[in-house]
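Structure, as structure tokens:
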Amino acid sequence: MMGHMNNTKEPLMRVVKKAELGYAKTFLLSLLGLVIAIAAGGVFILIIGHNPIDIYWSILQGAWRSKLAASGTIKIAVPLLIASLGITPAFKMKFWNIGAEGQIIMGGIFATYFALFWTHLPHYLLLFVMFVAGMLGGGLWGLLPAYFKTKFDTNETLFTLMLNYIALYMIKYLTEGPWRDPSSSGFPKIASFDKNARLDLIFGVHAGWLIALILTVLMFIYLKYSKQGYEISVVGESVNTARYAGMNVKKIVMRTMFISGAVCGMAGMIQVSGAAHTLGEGVAGGVGFTAIIVAWLARLNPLIILIVTMFFAVLEKGSSVMQSSYGLSQSVSSILQGIILFTILGMDFFTRYRIVFRKVRKKL
């Protein structure tokens, strides 16, 4: 037995969590990561034969150069911000909700039902009903994996991921079946919403941006100062500690995932009512997956999520303007975005963890 234990080899390298850094040090390291990421993107720009300063300036200018461009940037930021806020309480509880995409879609589907068939309601009442329906749709879609997790201890990562595809195919079914627009010739689609079912504009952009800002503040207060926010953090730290403290872990998991899904469902309602004015397969458009990166980079802090989201939105909107200005293909802007984000994520990893190599022992 002893011989077997002596022969067991220590791994060549292992990842060790660093001690928690202070806010100032974390901020400086994040800033350094951003600078290195921009420099890495600059090297790529040089390789393809362009001036990095010109390209970056065109990205920044492209996001804000006109009222229309600024409106486009904000429209990109709104669903991403709300989805990132949505997955934050679940992630804080260490329930890996990879299903924001599906929850956004279900929120859009539930809201669309009322937009299509309840147009007789007064404008603000209809929007309120759509809003509640969107939250209910996303919340129920989030509750499903939470129930199976608490009841049968299923893997929530796989469960939530698979639910995304079920939700997407529901849109396909509705588009080609019961909700198909009769006036669409050949190409199946769902009819555009009546003006009564569309979100109002505030300063030229749909009201979703104001809802997202209010939600950011509410989520910050909820997680930091409420009793439920405290319970979420305790469950995230240790389920056994939460149970020892007399907390009903199953109830907390179910409630938190309902809230998580409901917030994502809100993003779906805002997308169909404010941006697209109809329901289509692109209602989520990958936002649910990008939200995971945003929430992780912001260290699950709602106020920092707002800043990171704006960076992502500027990068996406500005890159599309840059590629048209310089005649570059879409793949170039996608590669540039990928390099910048991958470098930021890499730097973030090394601020949290360090790699320890096995010590070489001398044989006697």
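Each chain of the structure tokens is named A, B, ... in the order shown, its residues numbered from 1; ligands are numbered from 1 in display order.
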
Nearby residues (only C-alpha atoms) at most 10 Å from A:Leu215, same-chain spacing under 6 positions excluded, as a list in words
Leu81, Ile82, Leu85, Gly86, Trp209, Ile221, Val263 and Pro302 of chain A

Prev. selection, N, CA and C atoms, output as a PDB file, in the first residue's frame:
```
ATOM      1  N   LEU A  81     -26.993  43.544 -21.948  1.00  0.00           N
ATOM      2  CA  LEU A  81     -26.961  43.987 -20.551  1.00  0.00           C
ATOM      3  C   LEU A  81     -27.997  43.237 -19.719  1.00  0.00           C
ATOM      4  N   ILE A  82     -29.222  43.147 -20.237  1.00  0.00           N
ATOM      5  CA  ILE A  82     -30.301  42.491 -19.479  1.00  0.00           C
ATOM      6  C   ILE A  82     -30.013  40.994 -19.308  1.00  0.00           C
ATOM      7  N   LEU A  85     -27.290  40.530 -16.716  1.00  0.00           N
ATOM      8  CA  LEU A  85     -27.860  40.714 -15.373  1.00  0.00           C
ATOM      9  C   LEU A  85     -28.698  39.501 -14.982  1.00  0.00           C
ATOM     10  N   GLY A  86     -29.372  38.914 -15.977  1.00  0.00           N
ATOM     11  CA  GLY A  86     -30.224  37.749 -15.741  1.00  0.00           C
ATOM     12  C   GLY A  86     -29.466  36.536 -15.243  1.00  0.00           C
ATOM     13  N   TRP A 209     -33.671  50.721 -23.163  1.00  0.00           N
ATOM     14  CA  TRP A 209     -32.417  51.183 -22.534  1.00  0.00           C
ATOM     15  C   TRP A 209     -32.670  51.716 -21.126  1.00  0.00           C
ATOM     16  N   ILE A 221     -28.760  46.254  -5.937  1.00  0.00           N
ATOM     17  CA  ILE A 221     -29.347  46.343  -4.586  1.00  0.00           C
ATOM     18  C   ILE A 221     -29.808  44.968  -4.115  1.00  0.00           C
ATOM     19  N   VAL A 263     -35.670  37.576 -15.911  1.00  0.00           N
ATOM     20  CA  VAL A 263     -34.919  38.751 -16.388  1.00  0.00           C
ATOM     21  C   VAL A 263     -34.496  38.549 -17.847  1.00  0.00           C
ATOM     22  N   PRO A 302     -23.230  43.878 -11.031  1.00  0.00           N
ATOM     23  CA  PRO A 302     -24.129  44.507 -12.002  1.00  0.00           C
ATOM     24  C   PRO A 302     -23.651  45.855 -12.550  1.00  0.00           C
TER      25      PRO A 302
END
```

Could you produce a table of the residues of stretch 111-212 of chain A lying within 6 Å of stretch 272-293 of chain A, with the nearest pair of atoms per residue and their separation in Å rounded to one decimal, using only C-alpha atoms, ordered by chain and increasing residue number, as a tab-separated table?
```
residue	atom	partner	partner_atom	distance
A:Ser192	CA	A:Thr278	CA	4.8
A:Phe193	CA	A:His277	CA	5.3
A:Arg198	CA	A:Ser273	CA	4.8
A:Leu199	CA	A:Gly274	CA	4.8
A:His206	CA	A:Gly274	CA	5.4
```

How would the residues just picked look written out with N, CA and C atoms as a PDB file, in the first residue's frame?
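Result file selection.pdb:
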```pdb
ATOM      1  N   SER A 192     -45.584  41.568 -38.616  1.00  0.00           N
ATOM      2  CA  SER A 192     -45.034  42.665 -37.810  1.00  0.00           C
ATOM      3  C   SER A 192     -46.069  43.133 -36.804  1.00  0.00           C
ATOM      4  N   PHE A 193     -45.592  43.575 -35.664  1.00  0.00           N
ATOM      5  CA  PHE A 193     -46.496  43.998 -34.601  1.00  0.00           C
ATOM      6  C   PHE A 193     -47.234  45.282 -34.971  1.00  0.00           C
ATOM      7  N   ARG A 198     -45.868  48.062 -29.755  1.00  0.00           N
ATOM      8  CA  ARG A 198     -44.445  48.418 -29.868  1.00  0.00           C
ATOM      9  C   ARG A 198     -44.019  49.326 -28.714  1.00  0.00           C
ATOM     10  N   LEU A 199     -42.807  49.120 -28.233  1.00  0.00           N
ATOM     11  CA  LEU A 199     -42.277  49.957 -27.153  1.00  0.00           C
ATOM     12  C   LEU A 199     -42.120  51.399 -27.634  1.00  0.00           C
ATOM     13  N   HIS A 206     -35.719  52.878 -28.462  1.00  0.00           N
ATOM     14  CA  HIS A 206     -36.811  52.253 -27.718  1.00  0.00           C
ATOM     15  C   HIS A 206     -36.527  52.254 -26.215  1.00  0.00           C
TER      16      HIS A 206
END
```

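Between A:Leu161 and the candidates A:Phe131, A:Thr175, A:Thr112, A:Trp96, the tightest atom-to-atom separation, counting only C-alpha atoms, involves A:Trp96.
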
Could you tell me, as a PyMOL selection string, which residues of stretch 124-291 of chain A DSSP assigns to helix (DSSP H, G or I) when given the backbone?
chain A and resi 124-152+156-176+195-197+208-225+227-237+239-244+249-276+287-291

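Counting only C-alpha atoms, A:His123 has the following residues at most 8 Å away, ignoring those fewer than 4 positions along the same chain: A:Leu127, A:Asn196, A:Ala197.
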
For all heavy atoms, I'd like the residues from the last selection saved as a tab-separated table (two decimals), in the first residue's frame.
```tsv
chain	number	residue	atom	x	y	z
A	127	LEU	N	-48.62	46.67	-23.27
A	127	LEU	CA	-47.17	46.57	-23.03
A	127	LEU	C	-46.90	45.94	-21.66
A	127	LEU	O	-45.98	45.12	-21.52
A	127	LEU	CB	-46.51	47.94	-23.12
A	127	LEU	CG	-46.36	48.55	-24.52
A	127	LEU	CD1	-45.72	49.92	-24.44
A	127	LEU	CD2	-45.52	47.65	-25.43
A	196	ASN	N	-49.57	49.52	-31.59
A	196	ASN	CA	-50.06	49.43	-30.22
A	196	ASN	C	-49.19	48.52	-29.36
A	196	ASN	O	-49.12	48.67	-28.14
A	196	ASN	CB	-51.51	48.91	-30.23
A	196	ASN	CG	-52.26	49.26	-28.98
A	196	ASN	OD1	-52.03	50.32	-28.40
A	196	ASN	ND2	-53.16	48.39	-28.55
A	197	ALA	N	-48.52	47.55	-30.00
A	197	ALA	CA	-47.71	46.55	-29.27
A	197	ALA	C	-46.21	46.86	-29.32
A	197	ALA	O	-45.39	46.01	-28.96
A	197	ALA	CB	-47.98	45.16	-29.84
```
